[in-house]
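Next comes upload.txt, with compact mmCIF, C-alpha atoms.
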# COMPACT_ATOMS: atom_id res chain seq x y z
CA MET A 1 -8.96 -31.90 3.58
CA THR A 2 -11.22 -29.79 1.35
CA VAL A 3 -9.60 -26.47 0.39
CA VAL A 4 -11.99 -23.61 -0.39
CA ASP A 5 -11.06 -20.28 -1.96
CA ALA A 6 -13.63 -17.97 -0.38
CA VAL A 7 -12.97 -14.98 -2.68
CA CYS A 8 -12.30 -15.67 -6.34
CA ASN A 9 -12.81 -13.82 -9.63
CA ILE A 10 -13.39 -15.39 -13.01
CA PHE A 11 -11.32 -13.94 -15.84
CA THR A 12 -12.33 -15.49 -19.12
CA PRO A 13 -11.04 -13.66 -22.22
CA GLU A 14 -14.53 -12.21 -22.68
CA ILE A 15 -14.66 -10.89 -19.12
CA TYR A 16 -11.11 -9.57 -19.37
CA ALA A 17 -11.98 -7.65 -22.54
CA SER A 18 -15.14 -6.19 -21.00
CA ARG A 19 -13.35 -4.65 -18.04
CA PRO A 20 -12.16 -1.01 -18.08
CA GLU A 21 -8.58 -0.36 -19.14
CA TRP A 22 -7.42 0.24 -15.56
CA THR A 23 -8.43 -3.24 -14.43
CA ARG A 24 -6.69 -4.93 -17.35
CA SER A 25 -3.51 -3.07 -16.44
CA PHE A 26 -3.95 -3.77 -12.73
CA HIS A 27 -4.27 -7.51 -13.23
CA SER A 28 -1.79 -7.97 -16.06
CA ASN A 29 1.05 -8.95 -13.74
CA GLN A 30 -1.13 -11.44 -11.87
CA MET A 31 -2.44 -13.22 -14.98
CA LYS A 32 0.64 -15.39 -15.40
CA VAL A 33 0.77 -19.10 -16.00
CA ALA A 34 4.10 -20.78 -16.77
CA GLY A 35 5.63 -17.36 -17.32
CA ALA A 36 3.11 -16.23 -19.94
CA VAL A 37 0.96 -13.13 -19.46
CA LEU A 38 -2.57 -14.04 -20.43
CA ASP A 39 -5.65 -12.04 -21.34
CA GLY A 40 -7.92 -14.40 -19.47
CA VAL A 41 -8.44 -18.13 -18.98
CA SER A 42 -11.41 -20.32 -19.79
CA ILE A 43 -13.56 -21.74 -17.03
CA ASP A 44 -12.08 -25.20 -17.64
CA GLU A 45 -8.56 -23.77 -17.40
CA HIS A 46 -9.56 -21.97 -14.21
CA VAL A 47 -10.65 -25.27 -12.66
CA ALA A 48 -7.39 -26.90 -13.74
CA LEU A 49 -5.34 -24.12 -12.13
CA MET A 50 -7.24 -24.60 -8.88
CA ALA A 51 -6.73 -28.35 -8.97
CA ASP A 52 -3.01 -27.96 -9.64
CA ALA A 53 -2.74 -25.85 -6.48
CA GLY A 54 -4.81 -28.28 -4.39
CA ILE A 55 -7.88 -26.02 -4.23
CA ASP A 56 -11.09 -28.02 -4.45
CA ARG A 57 -13.76 -25.31 -4.44
CA ALA A 58 -14.14 -21.58 -4.93
CA LEU A 59 -16.74 -18.90 -4.30
CA LEU A 60 -17.02 -16.85 -7.49
CA ILE A 61 -18.00 -13.21 -7.15
CA ALA A 62 -20.15 -11.19 -9.56
CA PRO A 63 -18.72 -7.82 -8.48
CA LYS A 64 -20.33 -4.43 -8.71
CA MET A 65 -17.72 -1.71 -8.92
CA GLY A 66 -19.25 1.76 -8.97
CA ARG A 67 -22.51 3.13 -10.33
CA PRO A 68 -23.21 2.33 -14.00
CA GLY A 69 -22.15 5.12 -16.33
CA LEU A 70 -19.52 6.58 -14.04
CA PRO A 71 -15.89 6.57 -15.21
CA ASP A 72 -13.99 3.35 -14.50
CA SER A 73 -17.06 1.54 -13.14
CA TRP A 74 -17.86 -2.07 -14.06
CA ARG A 75 -20.07 -4.93 -12.99
CA LEU A 76 -20.34 -8.59 -13.92
CA ASP A 77 -23.77 -9.96 -14.74
CA ILE A 78 -24.85 -12.64 -12.30
CA GLY A 79 -25.79 -14.86 -15.23
CA VAL A 80 -22.11 -15.25 -16.14
CA VAL A 81 -21.30 -16.60 -12.68
CA ALA A 82 -24.44 -18.76 -12.68
CA ALA A 83 -23.31 -20.34 -15.96
CA ALA A 84 -19.85 -21.10 -14.52
CA VAL A 85 -21.47 -22.73 -11.49
CA ASP A 86 -23.78 -24.77 -13.71
CA ALA A 87 -20.79 -25.96 -15.73
CA HIS A 88 -18.79 -26.97 -12.64
CA PRO A 89 -21.20 -27.48 -9.73
CA SER A 90 -18.69 -29.47 -7.67
CA GLN A 91 -16.10 -26.69 -7.80
CA PHE A 92 -18.07 -23.42 -7.75
CA ARG A 93 -20.73 -21.48 -5.90
CA GLY A 94 -21.78 -17.89 -6.66
CA LEU A 95 -21.75 -14.65 -4.69
CA VAL A 96 -23.91 -11.77 -5.91
CA GLY A 97 -22.45 -8.26 -5.86
CA ILE A 98 -24.45 -5.41 -4.37
CA SER A 99 -24.60 -1.66 -4.90
CA PRO A 100 -26.31 0.54 -2.32
CA PHE A 101 -27.58 2.74 -5.15
CA ASP A 102 -29.52 -0.07 -6.83
CA GLY A 103 -32.27 0.29 -4.24
CA LEU A 104 -35.19 -2.13 -4.26
CA PRO A 105 -34.32 -3.64 -7.67
CA GLY A 106 -30.91 -4.53 -6.25
CA VAL A 107 -32.45 -6.13 -3.18
CA LEU A 108 -34.78 -8.16 -5.39
CA GLU A 109 -31.84 -9.21 -7.59
CA LEU A 110 -30.09 -10.47 -4.45
CA GLN A 111 -33.20 -12.44 -3.53
CA HIS A 112 -33.47 -13.86 -7.07
CA ALA A 113 -29.81 -14.86 -7.16
CA VAL A 114 -30.09 -16.82 -3.93
CA ARG A 115 -33.56 -18.31 -4.24
CA ASP A 116 -33.64 -19.04 -7.97
CA LEU A 117 -30.01 -19.31 -9.10
CA GLY A 118 -28.52 -21.00 -6.05
CA PHE A 119 -26.07 -18.26 -5.04
CA VAL A 120 -24.82 -18.74 -1.49
CA GLY A 121 -24.00 -15.20 -0.41
CA ALA A 122 -23.39 -11.57 -1.27
CA HIS A 123 -20.29 -9.47 -1.93
CA LEU A 124 -19.60 -5.75 -1.44
CA TYR A 125 -16.85 -3.29 -2.39
CA PRO A 126 -17.73 -0.28 -0.18
CA HIS A 127 -15.00 2.02 -1.54
CA TRP A 128 -16.53 1.92 -5.01
CA PHE A 129 -19.58 3.70 -3.61
CA GLY A 130 -17.85 6.06 -1.17
CA LEU A 131 -20.01 4.83 1.71
CA LYS A 132 -18.80 3.11 4.87
CA PRO A 133 -20.18 -0.41 5.36
CA ASN A 134 -22.43 0.79 8.21
CA HIS A 135 -24.17 3.42 6.06
CA HIS A 136 -27.95 3.13 6.13
CA LEU A 137 -28.24 2.58 2.36
CA TYR A 138 -26.73 -0.89 2.77
CA TYR A 139 -29.18 -1.96 5.45
CA PRO A 140 -31.96 -3.26 3.14
CA PHE A 141 -29.37 -5.59 1.60
CA TYR A 142 -28.19 -6.75 5.01
CA ALA A 143 -31.79 -7.40 6.03
CA MET A 144 -32.37 -9.49 2.91
CA CYS A 145 -29.19 -11.50 3.50
CA ALA A 146 -30.31 -12.12 7.07
CA GLU A 147 -33.75 -13.21 5.87
CA LEU A 148 -32.22 -15.54 3.27
CA GLY A 149 -29.72 -16.89 5.78
CA VAL A 150 -26.67 -16.16 3.60
CA PRO A 151 -23.42 -14.37 4.53
CA ILE A 152 -22.23 -11.12 3.03
CA GLN A 153 -18.53 -10.48 2.52
CA MET A 154 -17.14 -6.98 2.11
CA GLN A 155 -13.74 -5.46 1.53
CA VAL A 156 -12.23 -3.92 4.64
CA GLY A 157 -8.88 -2.24 4.99
CA ARG A 158 -7.08 -0.17 2.40
CA CYS A 159 -8.33 0.12 -1.15
CA GLN A 160 -5.88 0.53 -4.00
CA ARG A 161 -5.50 3.60 -6.17
CA TYR A 162 -6.84 1.84 -9.24
CA SER A 163 -7.20 4.82 -11.52
CA ARG A 164 -4.80 7.74 -11.73
CA ASP A 165 -7.65 10.10 -12.57
CA ARG A 166 -10.21 8.95 -10.00
CA PRO A 167 -8.70 7.92 -6.67
CA MET A 168 -11.06 6.58 -4.01
CA PRO A 169 -10.71 7.09 -0.25
CA ASN A 170 -10.65 4.22 2.22
CA VAL A 171 -14.09 3.68 3.74
CA GLY A 172 -14.05 -0.01 4.73
CA PHE A 173 -12.68 0.30 8.23
CA PRO A 174 -13.07 -3.00 10.14
CA ARG A 175 -14.62 -1.21 13.11
CA THR A 176 -17.67 -0.37 10.98
CA LEU A 177 -18.62 -4.06 11.07
CA ASP A 178 -19.07 -3.73 14.83
CA ARG A 179 -22.17 -1.55 14.37
CA ILE A 180 -23.60 -3.88 11.71
CA ALA A 181 -23.05 -6.96 13.88
CA CYS A 182 -24.89 -5.26 16.73
CA ASP A 183 -27.81 -4.30 14.50
CA PHE A 184 -27.96 -7.68 12.69
CA PRO A 185 -26.84 -10.44 15.08
CA GLU A 186 -28.41 -12.98 12.70
CA LEU A 187 -26.31 -11.81 9.74
CA LYS A 188 -23.01 -13.54 8.97
CA LEU A 189 -20.40 -10.91 8.07
CA VAL A 190 -17.05 -11.62 6.45
CA GLY A 191 -14.39 -8.91 6.33
CA ILE A 192 -12.29 -9.74 3.27
CA HIS A 193 -8.83 -8.48 2.21
CA VAL A 194 -7.51 -9.14 5.75
CA GLY A 195 -8.39 -5.63 6.98
CA TRP A 196 -4.81 -4.47 6.42
CA PRO A 197 -3.39 -2.18 7.72
CA TRP A 198 -6.04 -2.35 10.45
CA THR A 199 -5.67 -6.09 10.92
CA SER A 200 -5.72 -5.87 14.72
CA GLU A 201 -9.01 -4.01 14.48
CA MET A 202 -10.45 -6.74 12.23
CA ILE A 203 -9.33 -9.43 14.66
CA SER A 204 -10.93 -7.51 17.51
CA VAL A 205 -14.32 -7.28 15.77
CA ALA A 206 -14.24 -10.94 14.71
CA ASP A 207 -13.32 -12.00 18.22
CA LYS A 208 -16.11 -9.89 19.75
CA HIS A 209 -19.00 -11.07 17.58
CA ALA A 210 -20.02 -14.66 16.90
CA ASN A 211 -21.37 -13.60 13.49
CA VAL A 212 -18.20 -11.85 12.21
CA TYR A 213 -15.42 -13.58 10.30
CA MET A 214 -12.38 -12.50 8.31
CA CYS A 215 -10.72 -13.70 5.11
CA LEU A 216 -7.06 -13.83 4.06
CA ASP A 217 -7.53 -12.97 0.38
CA ALA A 218 -5.71 -10.35 -1.74
CA TYR A 219 -2.51 -10.47 0.33
CA ALA A 220 0.25 -13.03 0.02
CA PRO A 221 0.11 -15.23 3.15
CA ARG A 222 3.85 -14.91 3.80
CA TYR A 223 3.26 -11.26 4.73
CA LEU A 224 0.44 -11.82 7.22
CA ASP A 225 0.92 -10.08 10.55
CA SER A 226 2.27 -12.32 13.31
CA GLU A 227 -0.74 -11.38 15.43
CA LEU A 228 -3.07 -12.81 12.76
CA VAL A 229 -1.02 -15.99 12.39
CA GLU A 230 -1.23 -16.49 16.16
CA TYR A 231 -4.99 -15.81 16.09
CA MET A 232 -5.49 -18.43 13.35
CA ALA A 233 -3.44 -20.95 15.28
CA THR A 234 -5.35 -20.47 18.54
CA ALA A 235 -8.56 -18.66 19.49
CA GLY A 236 -9.41 -17.57 15.95
CA SER A 237 -9.04 -20.87 14.16
CA ALA A 238 -12.81 -20.99 13.58
CA LYS A 239 -13.10 -17.33 12.50
CA VAL A 240 -10.65 -17.08 9.58
CA LEU A 241 -11.23 -18.13 5.95
CA PHE A 242 -8.70 -18.78 3.22
CA GLY A 243 -8.98 -16.85 -0.05
CA THR A 244 -6.94 -15.51 -2.94
CA ASP A 245 -8.94 -12.81 -4.74
CA TRP A 246 -7.51 -14.59 -7.79
CA PRO A 247 -5.88 -13.46 -10.01
CA VAL A 248 -4.50 -11.03 -7.42
CA ILE A 249 -2.73 -13.88 -5.61
CA PRO A 250 -1.93 -17.04 -7.62
CA PHE A 251 -3.63 -20.16 -6.31
CA ARG A 252 -0.50 -22.21 -5.67
CA ARG A 253 1.36 -19.38 -3.99
CA ALA A 254 -1.55 -18.73 -1.62
CA VAL A 255 -1.87 -22.38 -0.56
CA ASP A 256 1.86 -22.99 -0.21
CA GLU A 257 2.52 -19.83 1.78
CA LEU A 258 -0.40 -20.44 4.11
CA ARG A 259 0.91 -23.92 4.83
CA ASP A 260 4.39 -22.48 5.44
CA HIS A 261 2.99 -20.92 8.65
CA ALA A 262 2.76 -24.46 10.06
CA LEU A 263 -0.55 -24.00 11.83
CA PRO A 264 -1.72 -26.84 14.07
CA PRO A 265 -3.40 -29.49 11.87
CA ASP A 266 -6.94 -28.76 13.13
CA ALA A 267 -6.47 -25.02 12.62
CA GLU A 268 -5.04 -25.51 9.13
CA ARG A 269 -7.97 -27.69 8.10
CA ALA A 270 -10.42 -25.12 9.44
CA VAL A 271 -8.80 -22.09 7.81
CA LEU A 272 -8.11 -23.72 4.44
CA GLY A 273 -11.63 -25.00 3.99
CA GLY A 274 -13.60 -26.15 6.99
CA ASN A 275 -14.71 -22.69 8.07
CA ALA A 276 -15.92 -21.75 4.60
CA GLN A 277 -17.78 -25.03 4.30
CA GLU A 278 -19.60 -24.37 7.57
CA LEU A 279 -20.27 -20.68 6.92
CA TYR A 280 -21.62 -21.24 3.41
CA ASP A 281 -23.24 -24.60 4.23
CA TRP A 282 -21.28 -26.33 1.46
CA HIS A 283 -20.64 -29.91 2.53
How does the structure come out when it is put into structure tokens?
Amino acid sequence: MTVVDAVCNIFTPEIYASRPEWTRSFHSNQMKVAGAVLDGVSIDEHVALMADAGIDRALLIAPKMGRPGLPDSWRLDIGVVAAAVDAHPSQFRGLVGISPFDGLPGVLELQHAVRDLGFVGAHLYPHWFGLKPNHHLYYPFYAMCAELGVPIQMQVGRCQRYSRDRPMPNVGFPRTLDRIACDFPELKLVGIHVGWPWTSEMISVADKHANVYMCLDAYAPRYLDSELVEYMATAGSAKVLFGTDWPVIPFRRAVDELRDHALPPDAERAVLGGNAQELYDWH
């Protein structure tokens, strides 16, 4: 069985130091290995942590969080992710972050990342831009993803209150993917972060559309709704991807707790890796 983490951050010491203060505080409790709080891990250490948990591959995101220059905003250059993939091509593939306010240059960066750097998809945090996923400013990016034949994953469900001084409202309601799936039936859409607390809504949209999927990242698998566990075990076994949003959920905890649900063997293989391999054409 090949296990694929479909949503994963890289947190080298350099990346950790470059992030705003709020994100260092937010992740401090997650960055623990053998009881030690770390200020980042090297790429080689990252691979070792995955291997220790039985995770073979991961999709690394180059996130865009807010418009440049605004308080608390941050983005990771795609070149950093490309370098990690080049260093460990058997373990990593890249996902390029998008911002609806980047306009045509952002669309062309998406095209460059896929065509020239080998990225296999796109990633979106809608709440950082205050626009629902079905807002028209995203549509040029969706069209480019459809043209390139790559999926786009986006956070749905509740967003955290990351900064005390600048809270952000929830905008990533799973039902908004319904409109996008109707407008772009060729586009593969992945609702990440489970969709909680609107998990039933996320299941409904994934079940309705052949091109909509969901991912289990950012929430400890032991707390997944019973409805979602049943969906994974039965009709939704081909529509759900495993992920951690590491370092939010430790690799080993995510794998062990997912296996504790005792899914049927075929469903477990599909959720833990098979579905991501098919969706991202990574065989």
7 Å contact set for Ala254 of chain A, all atoms listed in the file, chain neighbours under 6 positions out, as a list in words: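 So, after excluding close chain neighbours, the residues are Ala220, Pro221 and Thr244 of chain A.
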Atom CA of Thr176 of chain A to atom CA of Glu268 of chain A, straight-line distance in Å: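 We find that atom CA of Glu268 of chain A and atom CA of Thr176 of chain A lie 28.2 Å from each other.
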Top pick for closest residue to Glu147 of chain A, considering A:Val107, A:Ala181, A:Leu124, A:Val190 and counting all atoms listed in the file: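 The answer is A:Val107, which sits nearest to Glu147 of chain A.
The shortest atom-to-atom distance to Asp256 of chain A, with only C-alpha atoms taken into account, belongs to A:Val3 out of A:Val194, A:Met232, A:Val3, A:Leu279.
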Exercise: residues within 6 Å of coordinate (-16.8, 1.6, -7.7), counting only C-alpha atoms, as a list in words: Met65, Gly66, Ser73, Trp128 and Phe129 of chain A
Spatial neighbours of Leu272 of chain A, max dist 9 Å, all atoms listed in the file, sep filter under 5 positions, as a list in words: Met1, Thr2, Val3, Val4, Asp5, Ile55, Val240, Leu241, Phe242, Gly243, Val255, Leu258 and Ala267 of chain A
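With all atoms listed in the file as the atoms that count, the minimum distance from Ala58 of chain A to the choices A:Ala84, A:Leu104, A:Leu117, A:Ile78 is reached by A:Ala84.
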Straight-line distance linking atom CA of Thr12 of chain A with atom CA of Gly40 of chain A, stated in Å to one decimal: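 Atom-to-atom, atom CA of Thr12 of chain A and atom CA of Gly40 of chain A are spaced 4.6 Å apart.
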Quick one: residues within 8 Å of segment 97-101 of chain A, all atoms listed in the file, excluding same-chain residues fewer than 3 positions away - as a PDB file with C-alpha atoms, in the frame of the given file?
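Below is the file that was written, result.pdb:
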ATOM      1  CA  ILE A  61     -18.000 -13.210  -7.150  1.00  0.00           C
ATOM      2  CA  ALA A  62     -20.150 -11.190  -9.560  1.00  0.00           C
ATOM      3  CA  PRO A  63     -18.720  -7.820  -8.480  1.00  0.00           C
ATOM      4  CA  LYS A  64     -20.330  -4.430  -8.710  1.00  0.00           C
ATOM      5  CA  MET A  65     -17.720  -1.710  -8.920  1.00  0.00           C
ATOM      6  CA  GLY A  66     -19.250   1.760  -8.970  1.00  0.00           C
ATOM      7  CA  ARG A  67     -22.510   3.130 -10.330  1.00  0.00           C
ATOM      8  CA  GLY A 106     -30.910  -4.530  -6.250  1.00  0.00           C
ATOM      9  CA  LEU A 110     -30.090 -10.470  -4.450  1.00  0.00           C
ATOM     10  CA  ALA A 122     -23.390 -11.570  -1.270  1.00  0.00           C
ATOM     11  CA  HIS A 123     -20.290  -9.470  -1.930  1.00  0.00           C
ATOM     12  CA  LEU A 124     -19.600  -5.750  -1.440  1.00  0.00           C
ATOM     13  CA  PHE A 129     -19.580   3.700  -3.610  1.00  0.00           C
ATOM     14  CA  LEU A 137     -28.240   2.580   2.360  1.00  0.00           C
ATOM     15  CA  TYR A 138     -26.730  -0.890   2.770  1.00  0.00           C
ATOM     16  CA  PHE A 141     -29.370  -5.590   1.600  1.00  0.00           C
TER      17      PHE A 141
END
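Atom CA of Arg57 of chain A is found 8.1 Å from atom CA of Arg93 of chain A.
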Kindly assemble as a Markdown table a list of the segment 202-249 of chain A residues that lie within 9 Å of segment 149-168 of chain A, each paired with its nearest atom pair and their distance in Å to one decimal, using only C-alpha atoms, sorted first by chain and then by ascending residue number.
| residue | atom | partner | partner_atom | distance |
| --- | --- | --- | --- | --- |
| A:Met202 | CA | A:Val156 | CA | 8.3 |
| A:Tyr213 | CA | A:Gln153 | CA | 8.9 |
| A:Met214 | CA | A:Gln153 | CA | 8.7 |
| A:Cys215 | CA | A:Gln153 | CA | 8.8 |
